[in-house]
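*Asks:* Structure provided below as structure tokens; questions to follow.
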There are 2 protein chains.
Amino acid sequence: MSSRISFNLLHTDGAARRGEIVTRHGTIQTPVFMPVGTLASVKSLTTDQLRQIGPEIILNNTYHLMLRPGVDLIEKLGGVHKFMGWDRAILTDSGGFQLFSLASIRKIREEGVEFRSHIDGSKFFLSPEVSVGIQTRMGVDIAMAFDECPAYGLSHAEVEKSMHLTHRWAKRSLEARTGASALFGIVQGGIHLDLRKQSVEAIAAMDFDGIAIGGVSVGEPKHEMFEVVDFTAPLLPADRPRYLMGVGTPEDLVNGVAAGVDMFDCVMPTRNARNGTLFTSQGKISIKTARFAADDRPLDPNCSCVTCRTVSRAYLRHLYVNGEIAASVYNTIHNVSFYLDLMRSIRQSIASNSFGKFRNEFLSNVAGGEKDS
Amino acid sequence: MSSRISFNLLHTDGAARRGEIVTRHGTIQTPVFMPVGTLASVKSLTTDQLRQIGPEIILNNTYHLMLRPGVDLIEKLGGVHKFMGWDRAILTDSGGFQLFSLASIRKIREEGVEFRSHIDGSKFFLSPEVSVGIQTRMGVDIAMAFDECPAYGLSHAEVEKSMHLTHRWAKRSLEARTGASALFGIVQGGIHLDLRKQSVEAIAAMDFDGIAIGGVSVGEPKHEMFEVVDFTAPLLPADRPRYLMGVGTPEDLVNGVAAGVDMFDCVMPTRNARNGTLFTSQGKISIKTARFAADDRPLDPNCSCVTCRTVSRAYLRHLYVNGEIAASVYNTIHNVSFYLDLMRSIRQSIASNSFGKFRNEFLSNVAGGEKDS
């Protein structure tokens with residue numbers, strides 16, 4: 001364990017783990033879901049609202065922030081915590097994933113990647129050293145190693161070649177680690193379990209503060225994703241946090257925890273909120289449907305968020321169908337609260353050795369609700 | 001005074017009045033500014049945020065709500081307070097002003113107005129009885145009489161004819177008053193002071209719970225508006241609240257209070273917020289300008305709103321130029337807070353007999369600041 005963060009494994013229930021990560025910006029109870037704050041803003045929410053909702057850690061995107069407003073400005077303004085007025089923990093990704101999914105790549109070399117911004121076409125360069133440098137200068141609590149995320153459907157040979165590049169970049173990322181930011185390595189290998197095993201061995205042998213499973217949720221069928229997760233997570237060292245990147249639905253979180261994962265992030269609760277798709281204890285609903293027009297019940301009677309305490313489904317539908325900005329705000333408050341409440345229930349069930357029961361009940365409830373919506 | 005509301009005039013300082021309006025949904029300290037919540041939502045804010053910002057009364061628009069979601073639904077859901085989760089006072093306009101400015105008028109008759117919705121062209125009808133009925137069914141604390149708002153630039157004869165229609169509609173509005181909603185009459189007469197005097201006499205003779213000056217801020221030059229306000233406000237009965245409709249800038253509020261006005265409403269703080277125009281103690285600023293890009297100061301160092309306490313001008317500019325929804329939220333929190341703080345300062349200065357001094361200092365400060373922005 002580094003002095004940058006420390007991880008305490010408090011309890012296990014089967015493969016599910018209950019722990020805590022101690023950072024300079026507070027202690028994070030795991031398993032944890034990290035809401036995504038792309039441009040140093042969890043979309044639709046003020047930092048004050050976010051604090052009231054209660055996440056102990058959020059994720060910001062290095063790719064987006066290096067383009068706008070740029071790392072020089074964020075550093076000059078005292079770091080990304082001060083920039084957004086957030087005093088709890090922040091994790092940033094390395095920029096790799098967005099670079100391959102959003103930007104126009106000019107050239108991938110051993111040294112790094114030249115690309116053009118998806119905003120205005122201007123040229124940028126990312127490498128292990130540049131990415132870790134940016135994350136460190138922004139003052140984040142947890143930085144991610146720079147990796148290559150291979151597309152779904154590549155051949156075994158292509159994924160293997162990419163994986164070895166990721167391993168060399170991992171070594172360079174680690175050598176570039178300075179200052180107070182912890183650094184996590186990333187396991188790649190696509191859907192090929194033999195490569196995943198090799199990748200775990202390579203990454204776990206390095207002195208990372210935590211290890212992520214990358215390259216999932218990139219278009220593969222859900223059962224293939226969980227083949228990878230169920231195979232890979234148990235191979236990871238028990239004494240370091242395990243992070244499943246970019247995942248996922250509420251069911252994915254429950255299943256990820258069952259595989260031994262400690263950390264998750266996903267745009268789903270915030271993006272769905274803006275599209276009027278809301279998570280409830282009875283499954284997903286689309287708030288715009290006419291059947292909610294005169295429904296005076298709270299969105300989710302089992303939720304105690306500001307949205308569910310204050311207004312009805314009919315009001316939320318009214319705001320949404322009329323394009324009111326407050327619709328995004330109310331919906332985001334609820335969806336993020338729903339994800340955090342779910343993680344709280346997961347943690348409690350692990351602590352009381354009843355996670356298996358919780359998981360079974362949750363998955364059958366959600367499946368029942370989704371049919372209805 | 002009616003049992004629906006009561007008005008207590010606590011103190012005067014010159015023509016400026018310090019009072020309170022007691023409603024079923026709390027007591028309103030006057031002079032007061034009412035933020036506008038068109039569709040039962042003060043745009044960009046949750047009701048919870050609005051409560052934290054602290055207005056004692058807001059305005060909702062009858063025209064917009066009768067179109068979407070409709071009064072039947074709001075009544076069925078328990079009234080507009082319950083609909084939006086707001087337990088403080090609500091005033092609604094009569095629908096007249098929006099009808100003449102937004103809708104496509106089919107026919108104005110003695111009976112009322114046939115019009116087509118600006119949303120989907122569907123047919124509606126408003127009259128004194130229909131408007132007061134809708135407002136009463138929504139359960140508002142203060143309803144407004146149905147009036148005709150003549151366009152700026154009409155002849156004396158045309159405005160006079162319109163005024164008499166407004167007076168006949170005022171009488172019918174009053175006869176339609178039932179239930180717990182107070183009802184305010186509206187003085188018309190355009191920019192013609194002789195008509196304004198006649199209109200005050202007609203409206204003040206009726207048993208309204210308060211009286212509004214309507215038909216201002218409809219395109220006339222600012223000096224003509226204040227000719228009307230300065231002439232009309234002192235003619236209004238001292239024992240009832242005086243409401244200047246649809247006004248205005250911070251300077252307008254200060255000048256309106258100086259003329260003896262107790263109540264104001266305007267979309268300016270909320271609409272400007274969404275356009276990045278922010279009110280500060282040093283005057284108006286446009287947050288998108290490049291000079292704020294690296295400005296780590298709070299938006300207004302003299303403001304204690306959540307926005308000014310939490311984030312910098314640089315961050316607000318970052319959110320605005322990148323189209324983040326949170327920009328509207330932060331900006332609206334600030335602008336509404338600025339307006340409410342201004343009214344608080346006005347009330348304090350009246351109570352301490354220093355409103356004249358406050359007014360002089362405020363107007364010279366704002367004038368100085370605006371040059372700079």
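Identifiers in the structure tokens: chain A, B, ... in order shown; residue index from 1 per chain; ligand index from 1 in order shown.
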Residues within 8 Å of range 67-76 of chain A, please, as a list in words. Count only C-alpha atoms; anything in the same chain fewer than 5 positions from it doesn't count.
*Replies:*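 Within the cut-off, the hits are Leu39, Phe83, Ser117, Ile134, Arg137, Met138 and Gly139 of chain A; Ala294 and His318 of chain B.
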*Asks:* Any chance you could list, as a list in words, the residues in range 222-310 of chain A that come up strand (DSSP E or B) when DSSP is run on the backbone?
*Replies:*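 These are the residues in question: Arg242, Tyr243, Leu244, Met263, Phe264, Asp265, Cys266, Thr277, Leu278, Phe279, Thr280, Gly283, Lys284, Ile285 and Ser286 of chain A.
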*Asks:* Within 9 Å of Thr232 in chain B, counting only C-alpha atoms, which residues show up once you throw out same-chain ones fewer than 4 positions away? Write them as JSON, numbers by chain, please.
*Replies:* {"B": [187, 193, 196, 197, 200, 213, 227, 228, 236, 259]}
*Asks:* Keeping N, CA and C atoms for every residue in the selection just given, could you write it to a file as a PDB file, in the first residue's frame?
*Replies:*
```pdb
ATOM      1  N   VAL B 187     -54.933  48.223 -12.796  1.00  0.00           N
ATOM      2  CA  VAL B 187     -55.111  49.549 -13.379  1.00  0.00           C
ATOM      3  C   VAL B 187     -54.470  49.568 -14.759  1.00  0.00           C
ATOM      4  N   LEU B 193     -51.836  59.755 -18.611  1.00  0.00           N
ATOM      5  CA  LEU B 193     -51.994  59.921 -17.166  1.00  0.00           C
ATOM      6  C   LEU B 193     -53.448  60.187 -16.777  1.00  0.00           C
ATOM      7  N   ARG B 196     -54.928  56.835 -16.591  1.00  0.00           N
ATOM      8  CA  ARG B 196     -54.430  56.142 -15.393  1.00  0.00           C
ATOM      9  C   ARG B 196     -55.218  56.603 -14.156  1.00  0.00           C
ATOM     10  N   LYS B 197     -55.467  57.922 -14.080  1.00  0.00           N
ATOM     11  CA  LYS B 197     -56.204  58.454 -12.927  1.00  0.00           C
ATOM     12  C   LYS B 197     -57.629  57.891 -12.889  1.00  0.00           C
ATOM     13  N   VAL B 200     -57.460  54.196 -11.849  1.00  0.00           N
ATOM     14  CA  VAL B 200     -57.269  54.017 -10.405  1.00  0.00           C
ATOM     15  C   VAL B 200     -58.596  54.224  -9.684  1.00  0.00           C
ATOM     16  N   ILE B 213     -50.519  47.778 -11.055  1.00  0.00           N
ATOM     17  CA  ILE B 213     -50.346  48.652 -12.208  1.00  0.00           C
ATOM     18  C   ILE B 213     -49.952  47.740 -13.364  1.00  0.00           C
ATOM     19  N   GLU B 227     -42.812  57.733 -15.658  1.00  0.00           N
ATOM     20  CA  GLU B 227     -43.818  58.790 -15.583  1.00  0.00           C
ATOM     21  C   GLU B 227     -45.140  58.196 -15.108  1.00  0.00           C
ATOM     22  N   VAL B 228     -45.499  57.046 -15.705  1.00  0.00           N
ATOM     23  CA  VAL B 228     -46.749  56.372 -15.331  1.00  0.00           C
ATOM     24  C   VAL B 228     -46.688  55.869 -13.889  1.00  0.00           C
ATOM     25  N   LEU B 236     -52.852  55.119  -5.487  1.00  0.00           N
ATOM     26  CA  LEU B 236     -53.469  53.854  -5.055  1.00  0.00           C
ATOM     27  C   LEU B 236     -53.759  53.893  -3.556  1.00  0.00           C
ATOM     28  N   ALA B 259     -41.462  54.957  -5.581  1.00  0.00           N
ATOM     29  CA  ALA B 259     -42.771  55.486  -5.969  1.00  0.00           C
ATOM     30  C   ALA B 259     -43.883  54.940  -5.077  1.00  0.00           C
TER      31      ALA B 259
END
```
*Asks:* Which one is closest to Phe362 in chain B: B:Gly78, B:Gly214, B:Gly256, B:Pro250? Count only C-alpha atoms.
*Replies:* B:Pro250
*Asks:* Just need the residues of chain A within 6 Å of chain B, counting only C-alpha atoms, so spit them out as a list of chain:residue names.
*Replies:*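 Interface list for chain A against chain B: A:Ser44, A:Leu45, A:Thr46, A:Gly85, A:Thr310, A:Val311, A:Ile325, A:Ala326.
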*Asks:* Can you work out the spacing between CA of Ile21 in chain B and CA of Phe146 in chain B in Å, to one decimal?
*Replies:*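 We find that CA of Ile21 in chain B and CA of Phe146 in chain B lie 22.0 Å from each other.
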*Asks:* Need the shell around Cys305 in chain B: protein/DNA/RNA residues with any atom at most 12 Å away, counting only C-alpha atoms. Skip same-chain ones fewer than 2 positions apart. Format as a PyMOL selection string?
*Replies:* (chain A and resi 48) or (chain B and resi 49-50+52-54+280+298-303+307-311+330-341)
*Asks:* Convert the current residue selection to file output with N, CA and C atoms, as an mmCIF file, in the first residue's frame.
*Replies:*
```cif
data_model
loop_
_atom_site.group_PDB
_atom_site.id
_atom_site.type_symbol
_atom_site.label_atom_id
_atom_site.label_comp_id
_atom_site.auth_asym_id
_atom_site.auth_seq_id
_atom_site.Cartn_x
_atom_site.Cartn_y
_atom_site.Cartn_z
ATOM 1 N N ASP A 48 -22.934 21.629 -4.805
ATOM 2 C CA ASP A 48 -23.669 21.627 -3.543
ATOM 3 C C ASP A 48 -24.749 20.539 -3.534
ATOM 4 N N GLN B 49 -34.316 23.698 -4.082
ATOM 5 C CA GLN B 49 -33.329 24.783 -4.235
ATOM 6 C C GLN B 49 -33.977 26.134 -4.053
ATOM 7 N N LEU B 50 -35.171 26.284 -4.631
ATOM 8 C CA LEU B 50 -35.886 27.552 -4.529
ATOM 9 C C LEU B 50 -36.150 27.877 -3.061
ATOM 10 N N GLN B 52 -34.417 26.974 -0.526
ATOM 11 C CA GLN B 52 -33.162 27.391 0.098
ATOM 12 C C GLN B 52 -32.798 28.826 -0.272
ATOM 13 N N ILE B 53 -33.094 29.217 -1.501
ATOM 14 C CA ILE B 53 -32.816 30.592 -1.916
ATOM 15 C C ILE B 53 -33.719 31.545 -1.142
ATOM 16 N N GLY B 54 -34.965 31.139 -0.926
ATOM 17 C CA GLY B 54 -35.755 31.812 0.084
ATOM 18 C C GLY B 54 -36.902 32.731 -0.277
ATOM 19 N N THR B 280 -24.636 41.704 -10.436
ATOM 20 C CA THR B 280 -23.736 41.730 -9.280
ATOM 21 C C THR B 280 -23.820 43.097 -8.625
ATOM 22 N N PRO B 298 -15.019 34.885 -6.612
ATOM 23 C CA PRO B 298 -16.453 34.575 -6.704
ATOM 24 C C PRO B 298 -17.137 35.567 -7.637
ATOM 25 N N LEU B 299 -18.247 35.130 -8.211
ATOM 26 C CA LEU B 299 -19.016 35.977 -9.116
ATOM 27 C C LEU B 299 -19.261 37.350 -8.515
ATOM 28 N N ASP B 300 -19.762 37.386 -7.289
ATOM 29 C CA ASP B 300 -20.000 38.656 -6.594
ATOM 30 C C ASP B 300 -19.482 38.506 -5.173
ATOM 31 N N PRO B 301 -18.392 39.170 -4.841
ATOM 32 C CA PRO B 301 -17.806 39.007 -3.502
ATOM 33 C C PRO B 301 -18.755 39.447 -2.394
ATOM 34 N N ASN B 302 -19.785 40.228 -2.733
ATOM 35 C CA ASN B 302 -20.736 40.686 -1.708
ATOM 36 C C ASN B 302 -21.951 39.777 -1.589
ATOM 37 N N CYS B 303 -21.934 38.637 -2.280
ATOM 38 C CA CYS B 303 -23.098 37.742 -2.284
ATOM 39 C C CYS B 303 -22.760 36.463 -1.533
ATOM 40 N N THR B 307 -23.838 29.680 -5.220
ATOM 41 C CA THR B 307 -22.927 29.852 -6.352
ATOM 42 C C THR B 307 -21.684 30.637 -5.933
ATOM 43 N N CYS B 308 -21.887 31.770 -5.303
ATOM 44 C CA CYS B 308 -20.756 32.620 -4.922
ATOM 45 C C CYS B 308 -19.921 32.001 -3.808
ATOM 46 N N ARG B 309 -20.549 31.168 -2.976
ATOM 47 C CA ARG B 309 -19.792 30.503 -1.904
ATOM 48 C C ARG B 309 -18.984 29.326 -2.416
ATOM 49 N N THR B 310 -19.376 28.740 -3.559
ATOM 50 C CA THR B 310 -18.818 27.445 -3.956
ATOM 51 C C THR B 310 -17.811 27.524 -5.090
ATOM 52 N N VAL B 311 -18.089 28.336 -6.111
ATOM 53 C CA VAL B 311 -17.268 28.283 -7.320
ATOM 54 C C VAL B 311 -16.854 29.675 -7.795
ATOM 55 N N TYR B 330 -26.517 27.213 -11.630
ATOM 56 C CA TYR B 330 -25.694 28.137 -10.834
ATOM 57 C C TYR B 330 -26.089 29.597 -11.091
ATOM 58 N N ASN B 331 -26.282 29.948 -12.349
ATOM 59 C CA ASN B 331 -26.577 31.342 -12.683
ATOM 60 C C ASN B 331 -27.942 31.774 -12.142
ATOM 61 N N THR B 332 -28.911 30.864 -12.219
ATOM 62 C CA THR B 332 -30.244 31.195 -11.707
ATOM 63 C C THR B 332 -30.222 31.349 -10.191
ATOM 64 N N ILE B 333 -29.504 30.436 -9.526
ATOM 65 C CA ILE B 333 -29.376 30.569 -8.065
ATOM 66 C C ILE B 333 -28.844 31.958 -7.726
ATOM 67 N N HIS B 334 -27.807 32.376 -8.446
ATOM 68 C CA HIS B 334 -27.222 33.677 -8.122
ATOM 69 C C HIS B 334 -28.173 34.833 -8.432
ATOM 70 N N ASN B 335 -28.727 34.855 -9.634
ATOM 71 C CA ASN B 335 -29.554 36.013 -10.011
ATOM 72 C C ASN B 335 -30.788 36.152 -9.119
ATOM 73 N N VAL B 336 -31.431 35.037 -8.808
ATOM 74 C CA VAL B 336 -32.602 35.121 -7.927
ATOM 75 C C VAL B 336 -32.160 35.573 -6.535
ATOM 76 N N SER B 337 -31.035 35.028 -6.055
ATOM 77 C CA SER B 337 -30.515 35.459 -4.746
ATOM 78 C C SER B 337 -30.206 36.951 -4.749
ATOM 79 N N PHE B 338 -29.631 37.416 -5.865
ATOM 80 C CA PHE B 338 -29.293 38.843 -5.959
ATOM 81 C C PHE B 338 -30.559 39.691 -5.830
ATOM 82 N N TYR B 339 -31.604 39.300 -6.529
ATOM 83 C CA TYR B 339 -32.859 40.061 -6.462
ATOM 84 C C TYR B 339 -33.454 40.034 -5.044
ATOM 85 N N LEU B 340 -33.412 38.869 -4.414
ATOM 86 C CA LEU B 340 -33.989 38.775 -3.066
ATOM 87 C C LEU B 340 -33.149 39.549 -2.058
ATOM 88 N N ASP B 341 -31.820 39.500 -2.224
ATOM 89 C CA ASP B 341 -30.946 40.281 -1.338
ATOM 90 C C ASP B 341 -31.206 41.776 -1.499
#
```
*Asks:* Neighbouring residues of His223 in chain B were defined as those with any atom within 12 Å, considering only C-alpha atoms; residues of the same chain fewer than 6 positions away were excluded. Please report them as a PyMOL selection string.
*Replies:* chain B and resi 191+216-217+229-230+252+255
*Asks:* So that I have them on file, write out the residues from the current selection with C-alpha atoms, as a compact mmCIF listing (two decimals), in the first residue's frame.
*Replies:*
```txt
# COMPACT_ATOMS: atom_id res chain seq x y z
CA ILE B 191 -49.04 56.12 -21.01
CA VAL B 216 -46.19 48.91 -18.30
CA SER B 217 -42.91 47.47 -19.59
CA VAL B 229 -45.48 54.59 -12.20
CA ASP B 230 -44.53 57.77 -10.35
CA ASP B 252 -36.46 49.56 -11.71
CA ASN B 255 -37.23 53.23 -8.36
```
*Asks:* List every residue of range 144-275 of chain B that DSSP, applied to the backbone of this structure, places in helix (DSSP H, G or I), and write the result as a PyMOL selection string.
*Replies:* chain B and resi 156-175+193-204+222-235+250-258+268-274
*Asks:* Selected residues, C-alpha atoms, written as a short mmCIF file (atom, residue, chain, number, x, y, z; two decimals), in the first residue's frame, please.
*Replies:*
```
data_model
loop_
_atom_site.label_atom_id
_atom_site.label_comp_id
_atom_site.auth_asym_id
_atom_site.auth_seq_id
_atom_site.Cartn_x
_atom_site.Cartn_y
_atom_site.Cartn_z
CA HIS B 156 -55.72 57.81 -26.56
CA ALA B 157 -59.17 56.79 -27.82
CA GLU B 158 -58.11 53.17 -28.36
CA VAL B 159 -56.49 52.92 -24.93
CA GLU B 160 -59.54 54.50 -23.33
CA LYS B 161 -61.87 52.01 -24.97
CA SER B 162 -59.64 49.13 -23.85
CA MET B 163 -59.51 50.54 -20.31
CA HIS B 164 -63.27 50.56 -20.02
CA LEU B 165 -63.36 46.92 -21.14
CA THR B 166 -60.78 46.16 -18.43
CA HIS B 167 -62.99 47.88 -15.87
CA ARG B 168 -66.05 45.88 -16.89
CA TRP B 169 -63.94 42.71 -16.80
CA ALA B 170 -62.61 43.74 -13.36
CA LYS B 171 -66.15 43.92 -12.01
CA ARG B 172 -66.94 40.49 -13.46
CA SER B 173 -63.66 39.08 -12.10
CA LEU B 174 -64.61 40.28 -8.65
CA GLU B 175 -68.09 38.79 -8.93
CA LEU B 193 -51.99 59.92 -17.17
CA ASP B 194 -55.59 61.11 -17.32
CA LEU B 195 -56.66 57.54 -18.14
CA ARG B 196 -54.43 56.14 -15.39
CA LYS B 197 -56.20 58.45 -12.93
CA GLN B 198 -59.64 57.33 -14.13
CA SER B 199 -58.55 53.71 -13.98
CA VAL B 200 -57.27 54.02 -10.41
CA GLU B 201 -60.58 55.55 -9.38
CA ALA B 202 -62.57 52.76 -11.02
CA ILE B 203 -60.43 49.90 -9.71
CA ALA B 204 -59.86 51.31 -6.21
CA LYS B 222 -38.05 53.71 -19.53
CA HIS B 223 -38.75 57.40 -18.75
CA GLU B 224 -42.36 57.02 -19.96
CA MET B 225 -42.79 53.93 -17.81
CA PHE B 226 -41.65 55.80 -14.73
CA GLU B 227 -43.82 58.79 -15.58
CA VAL B 228 -46.75 56.37 -15.33
CA VAL B 229 -45.48 54.59 -12.20
CA ASP B 230 -44.53 57.77 -10.35
CA PHE B 231 -47.92 59.26 -11.18
CA THR B 232 -50.06 56.18 -10.54
CA ALA B 233 -48.57 54.47 -7.47
CA PRO B 234 -49.26 57.34 -5.04
CA LEU B 235 -52.91 57.46 -6.17
CA PRO B 250 -32.66 46.05 -10.20
CA GLU B 251 -32.76 49.81 -10.80
CA ASP B 252 -36.46 49.56 -11.71
CA LEU B 253 -37.18 47.82 -8.43
CA VAL B 254 -35.42 50.51 -6.43
CA ASN B 255 -37.23 53.23 -8.36
CA GLY B 256 -40.56 51.41 -8.09
CA VAL B 257 -40.19 51.19 -4.31
CA ALA B 258 -39.41 54.90 -4.26
CA MET B 268 -35.29 38.98 -16.01
CA PRO B 269 -33.21 37.27 -13.29
CA THR B 270 -34.11 33.76 -14.47
CA ARG B 271 -34.01 34.40 -18.23
CA ASN B 272 -30.78 36.40 -18.03
CA ALA B 273 -29.24 33.62 -15.96
CA ARG B 274 -29.83 31.14 -18.76
#
```
*Asks:* Measuring atom to atom with only C-alpha atoms, identify which of A:Gly14, A:Gly248, A:Gly260, A:Gly95 is nearest to Asn353 in chain A.
*Replies:*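 Ranked by minimum distance to Asn353 in chain A, first place goes to A:Gly14.
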*Asks:* So how many Å separate CA of Gly112 in chain A and CA of Tyr63 in chain A, to one decimal?
*Replies:*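 Going from CA of Gly112 in chain A over to CA of Tyr63 in chain A, I get 14.1 Å.
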*Asks:* Take CA of Pro241 in chain B and CA of Val36 in chain B and report the distance between them in Å, one decimal.
*Replies:*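 For CA of Pro241 in chain B relative to CA of Val36 in chain B, the distance reads 18.7 Å.
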*Asks:* Of the residues B:Asn60, B:Gln98, B:Thr249, B:Gln29, which is the one nearest to Leu278 in chain B, using only C-alpha atoms?
*Replies:*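 Ranking B:Asn60, B:Gln98, B:Thr249, B:Gln29 by distance to Leu278 in chain B, first place goes to B:Thr249.
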